[in-house]
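Here the structure comes first, spelled out in structure tokens, and everything after it is commentary.
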Amino acid sequence: MKSEPEKSINTKKEDRKASIMQTALKLFSTEGFYTTTMPVISKKLGMSVGNLYNYFSSKDELAKELMLYISSMLGEKLREINMSDKSVREKMDMIVKMYFTIARERPELIEYFLRVFLSNREIFTKECTGMVCVSDFVTELMLFFDDGVQSGVLKDQDFFSALGLFMGYLGGMVFLNGEEVLPHPLSDYESAIAENIYNALRKQ
Amino acid sequence: MKSRPKLLWLQGVTCNGNTHSFLNYPHLSYILETFEFLYHPLLPATYTLEEIASCTQQCDILIFEGAYDPRMMRAGARMETLVQHYGSSATTIIAAGSCASFGGMFKQSDPEYITGLGFDREIAKGPFAKSPKLINLSGCPIHPEWLGYTLRMIADNKVILIDEMHRPKELYAYLAHHGCTRNEYFEWKVDADQFGTKEGCLFYKQGCRGPMTHASCNKILWNDVSSKTRTGSPCFGCTEPDFPRTNMFETKTNMSIPQDVPLGISKRSYLTLTGIAKSFRIPRLEKRLIDDNT
């Protein structure tokens with residue numbers, strides 16, 4: 001069993017790690033991955049570069065941890081929806097709403113996924129290949145689709161055809177919103193988008 | 001000479017597959033020496049079927065092969081009468097094969113009337129439902145070693161532990177997946193492109209039920225040599241109460257996601273592991289094990 005002072009040191013270290021991740025996330029998603037260097041991050045945090053490396057051994061390691069964090073956070077929210085006693089149609093509404101709410105309240109999470117993870121695949125080739133860093137989120141989407149087909153609501157098709165339609169659409173809307181192209185707030189589109197996705201994926 | 005236990009092999013609605021399978025038991029001579037066969041459709045026996053049908057004898061072990069249809073006639077006797085008469089004197093009743101255990105293939109011809117001896121699929125039903133004397137040796141056909149094991153345990157007066165489906169735990173606590181030579185392909189999610197090859201896993205496309213089938217086929221090999229999965233053919237789950245299912249050469253998927261996952265593992269856990277394992281390309285597992293060109 002750990003002693004009290006030891007525990008408090010660990011908690012402190014975890015808190016510091018979380019604050020580094022939050023700062024890095026914002027910088028990566030707004031300034032871009034390559035322009036945001038470790039010295040830039042440490043300067044923003046008011047800590048030395050050497051100390052920063054005590055928490056993350058490289059920038060790639062930090063990038064990977066961020067993706068795991070986002071996937072786990074989105075996965076948890078999707079899991080709550082999956083486990084709720086709602087119909088497939090209602091769950092679709094809830095997923096769209098959840099995704100857009102996060103995009104509005106914590107845009108850096110979605111921006112990071114779209115502008116860093118998907119746009120700079122070379123960073124993630126080693127330890128974040130394929131589904132490794134997004135498996136929490138993708139697994140929940142698989143379970144949602146599986147349930148939809150088993151309950152006779154969604155059409156049976158290749159997983160990636162459905163995934164592309166679903167996430168591509170949501171990601172595209174968040175991107176347009178980020179570019180300030182949309183004439184209305186993102187939330188105004190939730191209902192229509194959920195209906196469009198439902199119509200595209202449902203069993204005819 | 002000490003009297004030998006009396007064994008009767010009776011047939012219901014059957015293809016004779018279990019009778020023929022048991023002829024491959026390597027220690028058949030031991031069984032023939034240890035038990036007195038009152039009747040067997042192929043092996044030398046004390047009585048004819050007609051004499052057995054008169055219900056004047058009694059047996060210690062009743063082996064029943066095939067699905068049970070009470071209305072069926074055998075040598076002029078109604079099956080219901082035969083089974084009741086011989087089953088009441090027997091100390092052990094063995095359902096040999098999946099039809100006798102759960103209804104199996106032949107249940108399809110008349111699902112309302114035909115059952116196994118003690119189960120109708122997975123529901124307890126039939127002349128020996130819930131009977132402690134009943135041992136199910138499911139499989140299509142029965143594995144000769146499994147029947148051999150059971151008879152030798154009886155001959156040695158040993159206790160046979162059974163599961164909730166009345167199958168001996170020693171034989172059915174395992175899954176067909178255990179001991180499969182393709183396990184590494186399963187771990188890393190590498191498909192078999194076709195039937196009959198040594199490489200690849202048959203679970204993803206070819207309908208293999210190994211990870212959810214109680215059977216020791218890959219532990220106690222058939223003819224001491226092989227098993228279905230070792231030859232590149234999927235396990236059909238023939239020992240389970242839901243056998244036969246449809247489209248047995250295909251894995252049922254929903255949006256590419258397998259409908260059934262390995263026994264006792266949540267789909268969420270399985271998909272998490274699968275997604276990660278599939279992300280890695282392992283060239284060694286993509287190659288033929290034995291390359292004729294090198």
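Residues are named by chain letter and number: chains run A, B, ... in the order of the structure tokens, numbers start at 1 in each chain, and ligands are numbered from 1 in the order shown.
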
Polymer residues at most 9 Å from Phe236 in chain B, only C-alpha atoms, same-chain spacing of 3 or more positions, as a list in words = Gly207, Cys208, Arg209, Gly210, Thr213, Ser233, Thr239, Phe243, Pro244, Arg245, Met248 and Phe249 of chain B

With C-alpha atoms retained, export the selected residues as a compact mmCIF listing (two decimals), in the first residue's frame.
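Written out: selection13.txt:
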```txt
# COMPACT_ATOMS: atom_id res chain seq x y z
CA GLY B 207 -18.58 -20.38 -40.40
CA CYS B 208 -16.29 -22.11 -37.89
CA ARG B 209 -18.07 -22.63 -34.54
CA GLY B 210 -14.96 -23.87 -32.70
CA THR B 213 -18.75 -25.43 -29.32
CA SER B 233 -12.91 -27.43 -42.77
CA THR B 239 -22.24 -31.26 -30.46
CA PHE B 243 -27.27 -28.28 -34.51
CA PRO B 244 -27.94 -28.29 -37.44
CA ARG B 245 -28.14 -24.62 -38.24
CA MET B 248 -23.05 -23.72 -42.01
CA PHE B 249 -20.21 -22.77 -44.36
```

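For Leu82 in chain B, the residues within 9 Å (counting only C-alpha atoms, excluding itself and residues fewer than 2 positions away along the chain) are Leu10, Ile52, Ala53, Ser54, Cys55, Arg74, Ala77, Arg78, Met79, Glu80, Gln84, His85, Tyr86 and Gly87 of chain B.
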
What are the residues of chain B lining chain A at 8 Å or less? Count only C-alpha atoms, and put the answer as an mmCIF file with N, CA and C atoms, in the first residue's frame.
```cif
data_model
loop_
_atom_site.group_PDB
_atom_site.id
_atom_site.type_symbol
_atom_site.label_atom_id
_atom_site.label_comp_id
_atom_site.auth_asym_id
_atom_site.auth_seq_id
_atom_site.Cartn_x
_atom_site.Cartn_y
_atom_site.Cartn_z
ATOM 1 N N ASN B 254 -23.140 -9.032 -39.202
ATOM 2 C CA ASN B 254 -23.980 -7.838 -39.347
ATOM 3 C C ASN B 254 -23.017 -6.683 -39.568
ATOM 4 N N MET B 255 -23.068 -6.100 -40.750
ATOM 5 C CA MET B 255 -22.116 -5.045 -41.127
ATOM 6 C C MET B 255 -20.683 -5.501 -40.841
ATOM 7 N N SER B 256 -20.359 -6.669 -41.304
ATOM 8 C CA SER B 256 -19.018 -7.272 -41.181
ATOM 9 C C SER B 256 -18.666 -7.687 -39.754
ATOM 10 N N ILE B 257 -19.597 -7.547 -38.816
ATOM 11 C CA ILE B 257 -19.309 -7.882 -37.420
ATOM 12 C C ILE B 257 -19.932 -9.235 -37.118
ATOM 13 N N GLN B 259 -21.990 -12.155 -35.763
ATOM 14 C CA GLN B 259 -23.161 -12.142 -34.882
ATOM 15 C C GLN B 259 -22.856 -12.868 -33.572
ATOM 16 N N LYS B 267 -19.373 -9.094 -26.527
ATOM 17 C CA LYS B 267 -19.075 -8.625 -27.883
ATOM 18 C C LYS B 267 -18.194 -7.371 -27.835
ATOM 19 N N ARG B 268 -18.425 -6.543 -26.836
ATOM 20 C CA ARG B 268 -17.628 -5.315 -26.691
ATOM 21 C C ARG B 268 -16.148 -5.666 -26.491
ATOM 22 N N LEU B 271 -14.738 -7.247 -29.781
ATOM 23 C CA LEU B 271 -14.499 -6.288 -30.873
ATOM 24 C C LEU B 271 -13.318 -5.369 -30.570
ATOM 25 N N THR B 272 -13.148 -5.026 -29.306
ATOM 26 C CA THR B 272 -12.005 -4.186 -28.934
ATOM 27 C C THR B 272 -10.702 -4.894 -29.282
ATOM 28 N N GLY B 275 -10.308 -5.328 -33.163
ATOM 29 C CA GLY B 275 -9.934 -4.096 -33.872
ATOM 30 C C GLY B 275 -8.450 -3.833 -33.742
ATOM 31 N N ILE B 276 -7.919 -4.081 -32.561
ATOM 32 C CA ILE B 276 -6.494 -3.827 -32.340
ATOM 33 C C ILE B 276 -5.648 -4.886 -33.056
ATOM 34 N N LYS B 278 -6.331 -6.642 -35.582
ATOM 35 C CA LYS B 278 -6.413 -6.510 -37.051
ATOM 36 C C LYS B 278 -5.559 -5.367 -37.582
ATOM 37 N N SER B 279 -5.175 -4.456 -36.681
ATOM 38 C CA SER B 279 -4.403 -3.292 -37.120
ATOM 39 C C SER B 279 -2.966 -3.643 -37.494
ATOM 40 N N PHE B 280 -2.526 -4.809 -37.052
ATOM 41 C CA PHE B 280 -1.129 -5.174 -37.311
ATOM 42 C C PHE B 280 -1.029 -6.182 -38.449
#
```

CA of Cys99 in chain B and CA of Phe203 in chain B are how many Å apart?
->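 One can read the CA of Cys99 in chain B to CA of Phe203 in chain B distance as 25.1 Å.
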
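The space between CA of Gly103 in chain B and CA of Ala67 in chain B spans 5.1 Å.
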
Give me the residues within 12 Å of Glu65 in chain B as a ChimeraX atom specification, counting only C-alpha atoms and dropping any in the same chain fewer than 6 places off.
-> /B:8-22,40-41,83,93-104,106,116-117,136-142,147

Keeping C-alpha atoms, export the residues of the selection given above as a compact mmCIF listing (two decimals), in the first residue's frame.
```
# COMPACT_ATOMS: atom_id res chain seq x y z
CA LEU B 8 -28.16 -53.09 -25.89
CA TRP B 9 -27.68 -50.84 -28.93
CA LEU B 10 -31.05 -49.62 -30.13
CA GLN B 11 -31.72 -47.41 -33.13
CA GLY B 12 -34.32 -44.66 -33.52
CA VAL B 13 -34.51 -42.36 -36.55
CA THR B 14 -30.94 -42.59 -37.73
CA CYS B 15 -28.52 -42.64 -40.63
CA ASN B 16 -26.37 -45.31 -38.88
CA GLY B 17 -23.54 -42.77 -38.68
CA ASN B 18 -22.87 -43.42 -35.00
CA THR B 19 -22.82 -47.18 -35.48
CA HIS B 20 -20.26 -46.80 -38.24
CA SER B 21 -18.23 -44.23 -36.36
CA PHE B 22 -17.87 -46.50 -33.35
CA HIS B 40 -26.20 -54.34 -32.16
CA PRO B 41 -27.13 -53.54 -35.75
CA VAL B 83 -37.43 -47.48 -24.85
CA ILE B 93 -28.70 -44.76 -20.78
CA ILE B 94 -26.37 -43.38 -23.41
CA ALA B 95 -27.68 -41.10 -26.14
CA ALA B 96 -25.18 -41.76 -28.92
CA GLY B 97 -24.86 -38.78 -31.24
CA SER B 98 -26.68 -35.46 -31.59
CA CYS B 99 -30.01 -36.87 -32.81
CA ALA B 100 -30.38 -39.07 -29.72
CA SER B 101 -29.13 -36.23 -27.48
CA PHE B 102 -31.11 -33.26 -28.78
CA GLY B 103 -33.15 -34.30 -31.82
CA GLY B 104 -30.43 -33.26 -34.26
CA PHE B 106 -33.71 -35.96 -37.98
CA GLY B 116 -33.78 -36.55 -28.21
CA LEU B 117 -34.02 -39.02 -25.36
CA ASN B 136 -25.55 -37.48 -23.80
CA LEU B 137 -22.66 -38.08 -26.17
CA SER B 138 -23.59 -35.50 -28.77
CA GLY B 139 -21.75 -35.14 -32.06
CA CYS B 140 -22.61 -35.83 -35.65
CA PRO B 141 -21.47 -38.53 -35.66
CA ILE B 142 -20.37 -39.57 -32.18
CA LEU B 147 -18.13 -43.56 -26.39
```

Between A:Thr30, A:Thr23, A:Asn120, A:Asn82, which one has atoms that come closest to Leu45 in chain A, using only C-alpha atoms?
->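 Going through A:Thr30, A:Thr23, A:Asn120, A:Asn82 one by one, the smallest distance to Leu45 in chain A is for A:Thr23.
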
Report the residues of chain A whose backbone DSSP state falls under helix (DSSP H, G or I), written as a PyMOL selection string.
-> chain A and resi 4-31+38-45+49-55+59-82+88-105+107-117+121-124+135-150+159-178+186-201

Any idea what's packed within 10 Å of Arg288 in chain B, counting only C-alpha atoms, ignoring anything in its chain fewer than 5 positions away? Could you give it as a VMD selection string?
-> chain B and resid 197 to 200

Using DSSP on the backbone coordinates, identify all residues within range 182-256 of chain B classified as strand (DSSP E or B); present the result as a list in words.
-> Asp191, Cys201, His214, Trp222, Ser226, Thr253 and Asn254 of chain B

Can I get the selected residues back with C-alpha atoms, as an mmCIF file, in the first residue's frame?
```cif
data_model
loop_
_atom_site.group_PDB
_atom_site.id
_atom_site.type_symbol
_atom_site.label_atom_id
_atom_site.label_comp_id
_atom_site.auth_asym_id
_atom_site.auth_seq_id
_atom_site.Cartn_x
_atom_site.Cartn_y
_atom_site.Cartn_z
ATOM 1 C CA ASP B 191 -8.582 -15.291 -42.451
ATOM 2 C CA CYS B 201 -8.605 -19.003 -39.342
ATOM 3 C CA HIS B 214 -18.277 -27.815 -26.419
ATOM 4 C CA TRP B 222 -10.316 -38.394 -34.769
ATOM 5 C CA SER B 226 -6.920 -35.206 -37.265
ATOM 6 C CA THR B 253 -22.203 -11.152 -39.833
ATOM 7 C CA ASN B 254 -23.980 -7.838 -39.347
#
```
